[in-house]
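Source file: model38.txt. Holds: compact mmCIF, C-alpha atoms.
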```txt
# COMPACT_ATOMS: atom_id res chain seq x y z
CA MET A 225 25.90 -2.10 -35.51
CA PRO A 226 23.63 0.85 -34.66
CA ARG A 227 24.49 2.84 -31.60
CA ALA A 228 22.01 3.36 -28.83
CA LEU A 229 20.72 6.86 -28.26
CA VAL A 230 21.71 8.50 -25.00
CA LEU A 231 19.12 10.88 -23.60
CA PHE A 232 20.10 13.12 -20.73
CA SER A 233 17.20 13.71 -18.37
CA ALA A 234 17.63 17.00 -16.47
CA ALA A 235 21.39 16.60 -16.80
CA ARG A 236 23.91 18.30 -19.02
CA PRO A 237 25.77 16.05 -21.46
CA PRO A 238 29.58 16.16 -21.37
CA ALA A 239 31.15 19.07 -23.24
CA ASP A 240 32.98 16.70 -25.59
CA ASN A 241 29.71 14.82 -26.30
CA GLU A 242 31.31 11.58 -25.06
CA VAL A 243 29.89 9.34 -22.35
CA ARG A 244 32.52 7.56 -20.29
CA THR A 245 30.78 4.60 -18.74
CA LEU A 246 31.84 2.77 -15.61
CA VAL A 247 30.41 -0.05 -13.52
CA LEU A 248 29.91 0.63 -9.81
CA PRO A 249 28.24 -1.40 -7.07
CA HIS A 250 24.67 -0.25 -6.57
CA PRO A 251 24.36 1.54 -3.21
CA ARG A 252 21.59 -0.86 -2.23
CA GLY A 253 22.64 -4.50 -2.51
CA GLY A 254 25.97 -3.97 -4.24
CA GLU A 255 24.96 -5.45 -7.60
CA PRO A 256 26.88 -4.09 -10.61
CA ALA A 257 25.19 -0.99 -12.03
CA LEU A 258 26.04 1.15 -15.02
CA PHE A 259 26.99 4.80 -14.51
CA ALA A 260 28.83 7.43 -16.50
CA ARG A 261 31.09 10.37 -15.73
CA SER A 262 29.67 13.72 -16.71
CA GLY A 263 32.32 16.23 -15.79
CA ASN A 264 32.74 16.12 -12.01
CA ALA A 265 29.41 14.36 -11.48
CA LEU A 266 27.88 10.96 -12.07
CA VAL A 267 24.82 10.02 -14.08
CA GLU A 268 22.99 6.71 -13.85
CA LEU A 269 22.41 4.87 -17.13
CA GLN A 270 19.30 2.79 -17.75
CA ARG A 271 18.72 1.15 -21.12
CA SER A 272 15.39 0.45 -22.76
CA LYS A 273 15.31 -1.74 -25.84
CA SER A 274 12.53 -3.23 -27.94
CA ASP A 275 12.74 -5.36 -31.06
CA HIS A 276 9.42 -3.99 -32.29
CA GLY A 277 9.41 -0.33 -31.33
CA ALA A 278 10.76 3.10 -32.10
CA TRP A 279 11.54 6.32 -30.28
CA PHE A 280 10.78 9.78 -31.52
CA VAL A 281 13.58 12.23 -30.74
CA ASP A 282 12.96 15.77 -31.96
CA ASP A 283 11.72 15.26 -35.52
CA ALA A 284 13.30 11.88 -36.18
CA ALA A 285 12.29 8.30 -35.43
CA HIS A 286 14.93 5.91 -34.15
CA ALA A 287 14.40 2.17 -34.00
CA GLY A 288 16.39 -0.93 -33.16
CA ALA A 289 19.30 0.61 -31.32
CA GLY A 290 17.50 1.23 -28.04
CA VAL A 291 17.59 4.23 -25.78
CA VAL A 292 19.87 4.84 -22.81
CA VAL A 293 18.52 7.40 -20.36
CA ALA A 294 21.10 9.24 -18.27
CA THR A 295 19.73 10.76 -15.07
CA PRO A 296 21.60 12.79 -12.45
CA TYR A 297 22.88 10.71 -9.57
CA ASP A 298 23.86 11.91 -6.13
CA ALA A 299 27.22 10.20 -5.65
CA ARG A 300 26.90 10.79 -1.91
CA LEU A 301 24.49 7.84 -1.86
CA SER A 302 27.39 5.58 -2.84
CA LEU A 303 29.54 7.15 -0.13
CA LEU A 304 26.74 6.59 2.40
CA SER A 305 26.64 2.93 1.36
CA VAL A 306 30.40 2.64 1.84
CA LEU A 307 30.26 4.27 5.27
CA THR A 308 27.27 2.14 6.32
CA THR A 309 29.08 -1.13 5.57
CA SER A 310 32.44 0.05 6.89
CA ALA A 311 33.81 -1.58 10.02
CA THR A 312 34.93 1.89 11.16
CA ARG A 313 31.63 3.68 10.58
CA ARG A 314 31.78 5.40 13.97
CA GLN A 315 35.45 6.34 13.84
CA PHE A 316 37.18 9.17 12.02
CA VAL A 317 38.98 7.61 9.06
CA PRO A 318 40.60 9.22 5.99
CA LEU A 319 38.11 9.35 3.13
CA GLU A 320 40.59 7.68 0.78
CA GLN A 321 41.00 4.78 3.22
CA VAL A 322 37.24 4.28 3.55
CA VAL A 323 36.79 4.14 -0.23
CA ALA A 324 39.76 1.82 -0.70
CA ALA A 325 38.50 -0.54 2.02
CA ALA A 326 35.22 -0.95 0.12
CA GLY A 327 37.09 -3.33 -2.17
CA HIS A 328 35.83 -1.97 -5.52
CA GLU A 329 38.32 -0.17 -7.74
CA GLY A 330 35.60 1.81 -9.52
CA LEU A 331 34.57 3.54 -6.29
CA ARG A 332 37.86 5.47 -6.33
CA CYS A 333 36.15 7.80 -8.77
CA LEU A 334 34.28 9.24 -5.77
CA LEU A 335 37.52 10.93 -4.73
CA ASP A 336 37.61 12.87 -8.01
CA LEU A 337 33.99 13.98 -8.05
CA ASP A 338 32.39 17.11 -6.70
CA LEU A 339 30.44 15.43 -3.91
CA GLY A 340 29.24 18.64 -2.36
CA PRO A 341 28.79 19.02 1.40
CA LEU A 342 29.26 15.76 3.28
CA GLY A 343 28.02 17.12 6.59
CA ALA A 344 24.47 16.13 5.65
CA PHE A 345 25.16 12.52 6.63
CA CYS A 346 28.66 12.30 8.10
CA ASP A 347 31.01 14.15 10.41
CA GLU A 348 34.21 15.39 8.80
CA LYS A 349 37.50 17.00 9.69
CA ASP A 350 39.74 18.78 7.20
CA LEU A 351 43.37 18.39 8.22
CA GLY A 352 44.70 20.25 5.21
CA ASP A 353 46.79 19.04 2.29
CA GLY A 354 43.72 17.31 0.92
CA LEU A 355 43.37 14.99 3.93
CA ARG A 356 39.78 14.66 5.07
CA LEU A 357 38.62 12.49 7.94
CA VAL A 358 35.03 11.27 7.88
CA ARG A 359 32.74 9.13 10.01
CA LEU A 360 29.08 8.25 9.67
CA ALA A 361 26.82 10.67 11.53
CA GLU A 362 24.20 9.65 14.05
CA ALA A 363 21.12 7.97 12.60
CA PRO A 364 18.73 10.97 13.01
CA THR A 365 21.08 13.14 10.94
CA VAL A 366 21.23 10.59 8.12
CA VAL A 367 17.46 10.09 8.16
CA ASP A 368 16.88 13.87 8.07
CA TRP A 369 19.01 14.10 4.93
CA LEU A 370 17.19 11.24 3.21
CA HIS A 371 13.79 12.53 4.33
CA GLY A 372 14.64 15.85 2.70
CA LYS A 373 15.12 13.97 -0.56
CA VAL A 374 11.74 12.30 -0.05
CA ARG A 375 10.01 15.65 0.35
CA ARG A 376 11.61 17.09 -2.78
CA VAL A 377 10.73 14.03 -4.86
CA ALA A 378 7.16 14.06 -3.52
CA ALA A 379 6.80 17.71 -4.54
CA VAL A 380 7.88 16.84 -8.08
CA VAL A 381 5.42 13.93 -8.23
CA ASP A 382 2.56 16.14 -7.06
CA ALA A 383 3.54 18.85 -9.56
CA ALA A 384 3.54 16.33 -12.39
CA ALA A 385 0.11 15.08 -11.31
CA ALA A 386 -1.23 18.63 -11.23
CA GLU A 387 -0.14 19.18 -14.83
CA THR A 388 -2.42 16.35 -15.93
CA VAL A 389 -5.48 18.26 -14.81
CA GLY A 390 -7.13 19.74 -17.90
CA ALA A 391 -7.77 23.43 -18.33
CA SER A 392 -11.51 22.75 -18.48
CA ASP A 393 -11.45 21.15 -15.03
CA THR A 394 -9.65 24.18 -13.64
CA PHE A 395 -12.18 26.50 -15.29
CA VAL A 396 -15.16 24.53 -13.94
CA ALA A 397 -13.71 24.54 -10.41
CA ALA A 398 -13.09 28.27 -10.55
CA SER A 399 -16.51 29.13 -12.01
CA ALA A 400 -18.24 27.03 -9.36
CA GLY A 401 -16.75 29.26 -6.70
CA ALA A 402 -14.85 26.45 -5.01
CA PRO A 403 -12.88 27.87 -2.09
CA ALA A 404 -9.14 27.83 -2.50
CA THR A 405 -7.37 25.52 -0.13
CA ALA A 406 -3.84 26.07 1.06
CA ALA A 407 -1.31 23.39 0.33
CA VAL A 408 -0.77 21.23 3.37
CA GLY A 409 2.13 19.20 2.00
CA PRO A 410 2.57 16.39 -0.47
CA SER A 411 -0.19 13.87 -1.01
CA ARG A 412 0.11 10.42 0.46
CA ARG A 413 0.42 8.89 -2.99
CA ALA A 414 3.29 11.21 -3.86
CA THR A 415 4.95 10.51 -0.52
CA LEU A 416 4.76 6.77 -1.08
CA ARG A 417 6.28 7.09 -4.56
CA ALA A 418 9.01 9.34 -3.20
CA VAL A 419 9.88 6.95 -0.36
CA GLN A 420 10.06 4.08 -2.83
CA ALA A 421 12.35 6.09 -5.11
CA VAL A 422 14.75 7.10 -2.33
CA CYS A 423 14.77 3.71 -0.59
CA GLU A 424 15.87 2.06 -3.83
CA TYR A 425 19.30 3.59 -3.18
CA VAL A 426 19.84 2.99 0.54
CA ALA A 427 20.48 0.03 2.81
CA ASP A 428 17.70 -1.73 4.70
CA GLU A 429 18.36 0.03 7.98
CA TRP A 430 17.93 3.47 6.39
CA ALA A 431 14.92 2.39 4.31
CA ALA A 432 13.08 1.27 7.45
CA GLN A 433 13.74 4.55 9.25
CA VAL A 434 12.90 6.73 6.27
CA ALA A 435 9.61 4.90 5.77
CA GLU A 436 8.72 5.34 9.45
CA ARG A 437 9.67 9.02 9.36
CA SER A 438 7.47 9.56 6.30
CA GLY A 439 4.50 7.74 7.84
CA VAL A 440 4.51 4.95 5.26
CA ALA A 441 4.30 1.25 6.04
CA LEU A 442 7.35 -0.70 5.01
CA ALA A 443 5.16 -3.32 3.32
CA GLU A 444 3.87 -0.57 1.01
CA VAL A 445 7.34 0.62 0.12
CA PHE A 446 8.47 -2.83 -1.00
CA PRO A 447 5.33 -4.92 -1.48
CA GLY A 448 5.82 -8.64 -1.71
CA LEU A 449 8.93 -8.78 0.43
CA ALA A 450 8.68 -10.76 3.66
CA SER A 451 9.28 -8.73 6.79
CA ARG A 452 11.33 -9.95 9.69
CA PRO A 453 10.27 -9.33 13.29
CA SER A 454 11.06 -5.88 14.62
CA GLY A 455 14.54 -5.56 16.01
CA ALA A 456 16.13 -7.83 13.42
CA GLU A 457 19.37 -6.62 11.98
CA ASN A 458 17.96 -6.58 8.45
CA VAL A 459 14.41 -5.79 7.47
CA TRP A 460 13.83 -8.33 4.73
CA ALA A 461 14.65 -12.02 4.79
CA HIS A 462 15.91 -12.29 1.22
CA GLU A 463 18.44 -15.00 1.97
CA ALA A 464 15.99 -17.05 4.02
CA GLU A 465 13.40 -16.90 1.26
CA GLU A 466 15.93 -17.87 -1.40
CA GLN A 467 17.15 -20.75 0.79
CA LYS A 468 13.58 -21.96 1.23
CA LEU A 469 12.93 -21.93 -2.50
CA HIS A 470 16.23 -23.69 -3.13
CA GLU A 471 15.38 -26.43 -0.63
CA LEU A 472 11.95 -26.91 -2.17
CA ALA A 473 13.58 -27.40 -5.56
CA PHE A 474 16.65 -29.41 -4.60
CA GLY A 475 15.99 -30.60 -1.04
CA THR A 476 17.85 -29.73 2.13
CA ALA A 477 21.57 -30.20 2.46
CA ALA A 478 21.08 -33.17 4.80
CA LYS A 479 18.62 -34.77 2.41
CA ARG A 480 20.92 -34.25 -0.56
CA GLN A 481 23.82 -35.72 1.39
CA LYS A 482 21.68 -38.75 2.32
CA VAL A 483 20.58 -39.24 -1.27
CA GLU A 484 24.13 -38.88 -2.54
CA ALA A 485 25.39 -41.33 0.10
CA GLY A 486 22.61 -43.77 -0.79
CA GLY A 487 23.44 -43.43 -4.44
CA ALA A 488 27.12 -44.10 -3.78
CA ALA A 489 26.26 -47.13 -1.61
CA ALA A 490 23.87 -48.44 -4.26
CA LYS A 491 26.54 -48.00 -6.90
CA GLN A 492 29.09 -49.82 -4.73
CA THR A 493 26.60 -52.65 -4.04
CA SER A 494 25.77 -52.92 -7.71
CA THR A 495 29.46 -53.18 -8.61
CA LYS A 496 30.03 -55.79 -5.91
CA GLN A 497 27.05 -57.86 -7.05
CA ALA A 498 28.26 -57.72 -10.63
CA SER A 499 31.68 -58.99 -9.56
CA MET A 500 30.15 -61.84 -7.51
CA ALA A 501 27.87 -62.80 -10.37
CA LYS A 502 30.82 -62.89 -12.72
CA ALA A 503 32.81 -65.06 -10.29
CA ALA A 504 29.81 -67.33 -9.76
CA LYS A 505 29.42 -67.73 -13.47
CA GLY A 506 33.03 -68.85 -13.76
CA THR A 507 32.64 -71.28 -10.87
CA LYS A 508 29.56 -72.78 -12.42
CA SER A 509 31.40 -73.35 -15.66
CA ILE A 510 34.28 -75.16 -13.93
CA THR A 511 31.89 -77.29 -11.88
CA ALA A 512 30.03 -78.29 -14.97
CA PHE A 513 33.29 -79.28 -16.63
CA PHE A 514 34.56 -81.47 -13.83
CA GLY A 515 31.24 -82.62 -12.53
CA ARG A 516 29.83 -86.16 -12.72
CA LYS A 517 28.76 -87.08 -16.18
CA LYS A 518 25.22 -88.13 -16.73
CA ARG A 519 24.70 -91.85 -17.40
CA ALA A 520 23.40 -92.82 -20.72
CA PRO A 521 19.86 -94.12 -20.59
```
Kindly present the structure from the file in C-alpha cells form.
Amino acid sequence: MPRALVLFSAARPPADNEVRTLVLPHPRGGEPALFARSGNALVELQRSKSDHGAWFVDDAAHAGAGVVVATPYDARLSLLSVLTTSATRRQFVPLEQVVAAAGHEGLRCLLDLDLGPLGAFCDEKDLGDGLRLVRLAEAPTVVDWLHGKVRRVAAVVDAAAAETVGASDTFVAASAGAPATAAVGPSRRATLRAVQAVCEYVADEWAAQVAERSGVALAEVFPGLASRPSGAENVWAHEAEEQKLHELAFGTAAKRQKVEAGGAAAKQTSTKQASMAKAAKGTKSITAFFGRKKRAP
C-alpha cells in the first residue's frame, strides 16, 4: 500500500525523519484531531486525498497515496482550552493536575513539550522541583494574546496578497506618479481571514471577544451559524439547532413516546382480538355440533 507524502509547511521535520502521530482533542469542540510530535513541539496533520489527482513534489509526480500537510501548532492553544473548561480556572493549580483532570491521556504530552512562556494567557508560580502552579488569566489578557495572533496572521495574508500584484502593475503605478501611502495596518479582508483562522482554535467565549476586539462581526467569522442573544453563556446554538433538525426528522420525544405507546396498545389489542376470534371460532364449531338438526324437507 503506498504511503502518503508528508509535507512540512514552515516546520522542520524530525531529525530521524519519522513522524510520531497522536490523537488529541481539538481545542475548539474537543473532537479528535490528528497531530504529530516534532521534537519538543507539535505539528497539526491535515490529509488531502484524491482518486483522480497527483501532486508535484520537487521534480516528481506522486499520485494515489495522498498528501499529509504538517503545519506548526501552538500547543498553548490546547492548554488554554484545558484551562477554560477547568472547574478551577480561577485558582492556582499544579499544571500536571490541570492536564490530568482534562480526562484525555494524550494531553499529557503537553507536559513534555516546550510550551514557551505561559504568562501570555495565564498566571503562574514556580515552586521549584518542577512544580508549576497555573491559573487562567483575566479575560483582557487572554484576548490580547489571541489578538496578537490575529494581527500576525493578517500581516501574512496581506503580504501574500501583495505578491500577487504583477510587476507591470507596480511599474504603471510608479510611472504614473501615484503618491506613496503609508501602511495603516492590515486590510479588513485580511483581518477577517485572520480572525477566522484564530477562532477555529478557541472556545466560543474567546472567539466572541476576539471578533469584537478586531472589529469584525461574529456572523462574518462563522457565517451560517445561528447566534444566541447577547449575554448567553455560549455564542452559537449548535445543540438547539441539532435538536430541532432531529425533531423534524423523528418527531419530539413526547410524540415518539405517544406513537410507541399507541403502537404497543394496538399490538396488544390485535393480539387480544386474535385470541377472541380463535375462541369464538371454537365455540361456533361446538354449537354447530350440538345444535338442533335441520328437518328434512
Report task. Choose the residue, out of A:Thr309, A:Thr365, A:Ser411, A:Ser262, that has the smallest atom-to-atom separation from A:Ala325; count only C-alpha atoms. Result ->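 Residue with the minimum atom-to-atom distance to A:Ala325: A:Thr309.
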**Prompt:** Residues at most 10 Å from A:Phe345, counting only C-alpha atoms, excluding those fewer than 5 positions away in the same chain, as a list of chain:residue names?
**Reply:**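 Listing them by chain and then by number gives A:Arg300, A:Leu301, A:Leu303, A:Leu304, A:Leu307, A:Arg359, A:Leu360, A:Ala361, A:Glu362, A:Ala363, A:Pro364, A:Thr365, A:Val366, A:Val367, A:Asp368, A:Trp369, A:Leu370.
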Those selected residues, please, written with C-alpha atoms and delivered as a PDB file, in the frame of the given file.
```pdb
ATOM      1  CA  ARG A 300      26.900  10.790  -1.910  1.00  0.00           C
ATOM      2  CA  LEU A 301      24.490   7.840  -1.860  1.00  0.00           C
ATOM      3  CA  LEU A 303      29.540   7.150  -0.130  1.00  0.00           C
ATOM      4  CA  LEU A 304      26.740   6.590   2.400  1.00  0.00           C
ATOM      5  CA  LEU A 307      30.260   4.270   5.270  1.00  0.00           C
ATOM      6  CA  ARG A 359      32.740   9.130  10.010  1.00  0.00           C
ATOM      7  CA  LEU A 360      29.080   8.250   9.670  1.00  0.00           C
ATOM      8  CA  ALA A 361      26.820  10.670  11.530  1.00  0.00           C
ATOM      9  CA  GLU A 362      24.200   9.650  14.050  1.00  0.00           C
ATOM     10  CA  ALA A 363      21.120   7.970  12.600  1.00  0.00           C
ATOM     11  CA  PRO A 364      18.730  10.970  13.010  1.00  0.00           C
ATOM     12  CA  THR A 365      21.080  13.140  10.940  1.00  0.00           C
ATOM     13  CA  VAL A 366      21.230  10.590   8.120  1.00  0.00           C
ATOM     14  CA  VAL A 367      17.460  10.090   8.160  1.00  0.00           C
ATOM     15  CA  ASP A 368      16.880  13.870   8.070  1.00  0.00           C
ATOM     16  CA  TRP A 369      19.010  14.100   4.930  1.00  0.00           C
ATOM     17  CA  LEU A 370      17.190  11.240   3.210  1.00  0.00           C
TER      18      LEU A 370
END
```
Among A:Leu266, A:Leu339, A:Val358, A:Val291, A:Val317 is approached most closely, using all atoms listed in the file, by A:Val358
Proximity to A:Ala265 - best of A:Gly352, A:Gly439, A:Pro447, A:Gly340, all atoms listed in the file
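Nearest candidate to A:Ala265 out of A:Gly352, A:Gly439, A:Pro447, A:Gly340: A:Gly340.
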Residues within 10 Å of A:His371, all atoms listed in the file, excluding chain neighbours under 5 positions, as a list in words:
Thr365, Val366, Arg376, Val377, Ala418, Val419, Val422, Gln433, Val434, Ala435, Arg437 and Ser438 of chain A
* Asked: Of the candidates A:Ala285, A:Asp353, A:Ala385, A:Pro251, which shows the shortest atom-to-atom distance to A:Glu424, using all atoms listed in the file?
  ->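 Ranked by minimum distance to A:Glu424, first place goes to A:Pro251.
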| At what distance in Å, to one decimal, does atom CA of A:Ala379 lie from atom CA of A:Thr308? |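 Rounded to one decimal, the two atoms are 27.9 Å apart.
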Legend entry - Between atom CA of A:Pro410 and atom CA of A:Ala431, distance in Å (one decimal):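 Separating atom CA of A:Pro410 from atom CA of A:Ala431 is a distance of 19.3 Å.
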Please report the interatomic distance between atom CA of A:Thr415 and atom CA of A:Phe446 in Å with one decimal.
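Taking atom CA of A:Thr415 and atom CA of A:Phe446, their separation equals 13.8 Å.
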Closest of A:Leu246, A:Ala386, A:Ala344, A:Val426 to A:Phe259, counting all atoms listed in the file, is A:Leu246
| request: Select, from A:Arg314, A:Leu248, A:His328, A:Arg271, the residue with the minimum atom-to-atom distance to A:Ala299, counting only C-alpha atoms. | output: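 When distances to A:Ala299 are compared using only C-alpha atoms, the smallest one comes from A:Leu248.
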Requested in this report: Would you mind listing what lies within 7 Å of A:Glu348 as a list in words, with only C-alpha atoms counted and same-chain residues fewer than 2 positions away left out?
Outcome: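 The filter keeps Gly343, Cys346, Asp350, Arg356, Leu357, Val358 and Arg359 of chain A.
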Dump of C-alpha atoms for the selected residues, as a PDB file, in the frame of the given file:
```
ATOM      1  CA  GLY A 343      28.020  17.120   6.590  1.00  0.00           C
ATOM      2  CA  CYS A 346      28.660  12.300   8.100  1.00  0.00           C
ATOM      3  CA  ASP A 350      39.740  18.780   7.200  1.00  0.00           C
ATOM      4  CA  ARG A 356      39.780  14.660   5.070  1.00  0.00           C
ATOM      5  CA  LEU A 357      38.620  12.490   7.940  1.00  0.00           C
ATOM      6  CA  VAL A 358      35.030  11.270   7.880  1.00  0.00           C
ATOM      7  CA  ARG A 359      32.740   9.130  10.010  1.00  0.00           C
TER       8      ARG A 359
END
```
Can you patch up stretch 362-372 of chain A, filling it in to all heavy atoms, and show the result as a compact mmCIF listing (two decimals), keeping the file's coordinate frame?
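As a result, part.txt now contains:
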```txt
# COMPACT_ATOMS: atom_id res chain seq x y z
N GLU A 362 25.24 10.36 13.32
CA GLU A 362 24.20 9.65 14.05
C GLU A 362 22.99 9.41 13.15
O GLU A 362 22.74 10.17 12.20
CB GLU A 362 23.78 10.46 15.28
CG GLU A 362 24.89 10.65 16.31
CD GLU A 362 25.24 9.36 17.04
OE1 GLU A 362 24.42 8.40 16.99
OE2 GLU A 362 26.32 9.30 17.65
N ALA A 363 22.23 8.38 13.46
CA ALA A 363 21.12 7.97 12.60
C ALA A 363 20.12 9.10 12.32
O ALA A 363 19.69 9.25 11.17
CB ALA A 363 20.41 6.77 13.22
N PRO A 364 19.71 9.90 13.32
CA PRO A 364 18.73 10.97 13.01
C PRO A 364 19.23 11.94 11.95
O PRO A 364 18.44 12.42 11.13
CB PRO A 364 18.53 11.65 14.37
CG PRO A 364 18.86 10.61 15.38
CD PRO A 364 19.99 9.83 14.77
N THR A 365 20.52 12.22 11.94
CA THR A 365 21.08 13.14 10.94
C THR A 365 20.97 12.54 9.54
O THR A 365 20.59 13.23 8.58
CB THR A 365 22.55 13.45 11.26
OG1 THR A 365 22.63 14.02 12.57
CG2 THR A 365 23.14 14.43 10.26
N VAL A 366 21.31 11.27 9.41
CA VAL A 366 21.23 10.59 8.12
C VAL A 366 19.78 10.54 7.64
O VAL A 366 19.49 10.81 6.46
CB VAL A 366 21.82 9.18 8.20
CG1 VAL A 366 21.72 8.47 6.86
CG2 VAL A 366 23.28 9.23 8.66
N VAL A 367 18.88 10.20 8.53
CA VAL A 367 17.46 10.09 8.16
C VAL A 367 16.91 11.45 7.76
O VAL A 367 16.10 11.56 6.83
CB VAL A 367 16.64 9.48 9.32
CG1 VAL A 367 15.15 9.47 8.98
CG2 VAL A 367 17.11 8.06 9.60
N ASP A 368 17.32 12.53 8.44
CA ASP A 368 16.88 13.87 8.07
C ASP A 368 17.30 14.19 6.64
O ASP A 368 16.52 14.78 5.87
CB ASP A 368 17.49 14.91 9.02
CG ASP A 368 16.79 14.93 10.37
OD1 ASP A 368 15.69 14.37 10.47
OD2 ASP A 368 17.36 15.49 11.33
N TRP A 369 18.52 13.83 6.28
CA TRP A 369 19.01 14.10 4.93
C TRP A 369 18.19 13.33 3.89
O TRP A 369 17.77 13.89 2.87
CB TRP A 369 20.49 13.72 4.84
CG TRP A 369 21.08 13.86 3.47
CD1 TRP A 369 21.11 14.98 2.70
CD2 TRP A 369 21.71 12.82 2.71
NE1 TRP A 369 21.74 14.72 1.51
CE2 TRP A 369 22.12 13.41 1.48
CE3 TRP A 369 22.00 11.48 2.95
CZ2 TRP A 369 22.79 12.67 0.50
CZ3 TRP A 369 22.67 10.75 1.97
CH2 TRP A 369 23.06 11.35 0.77
N LEU A 370 17.95 12.06 4.15
CA LEU A 370 17.19 11.24 3.21
C LEU A 370 15.72 11.68 3.15
O LEU A 370 15.10 11.66 2.08
CB LEU A 370 17.29 9.77 3.61
CG LEU A 370 18.69 9.15 3.52
CD1 LEU A 370 18.68 7.72 4.08
CD2 LEU A 370 19.21 9.17 2.10
N HIS A 371 15.18 12.07 4.31
CA HIS A 371 13.79 12.53 4.33
C HIS A 371 13.64 13.81 3.53
O HIS A 371 12.59 14.04 2.90
CB HIS A 371 13.33 12.75 5.76
CG HIS A 371 11.88 13.14 5.88
ND1 HIS A 371 10.85 12.32 5.50
CD2 HIS A 371 11.30 14.30 6.31
CE1 HIS A 371 9.69 12.93 5.71
NE2 HIS A 371 9.94 14.13 6.20
N GLY A 372 14.67 14.66 3.53
CA GLY A 372 14.64 15.85 2.70
C GLY A 372 14.54 15.50 1.22
O GLY A 372 13.83 16.16 0.45
```
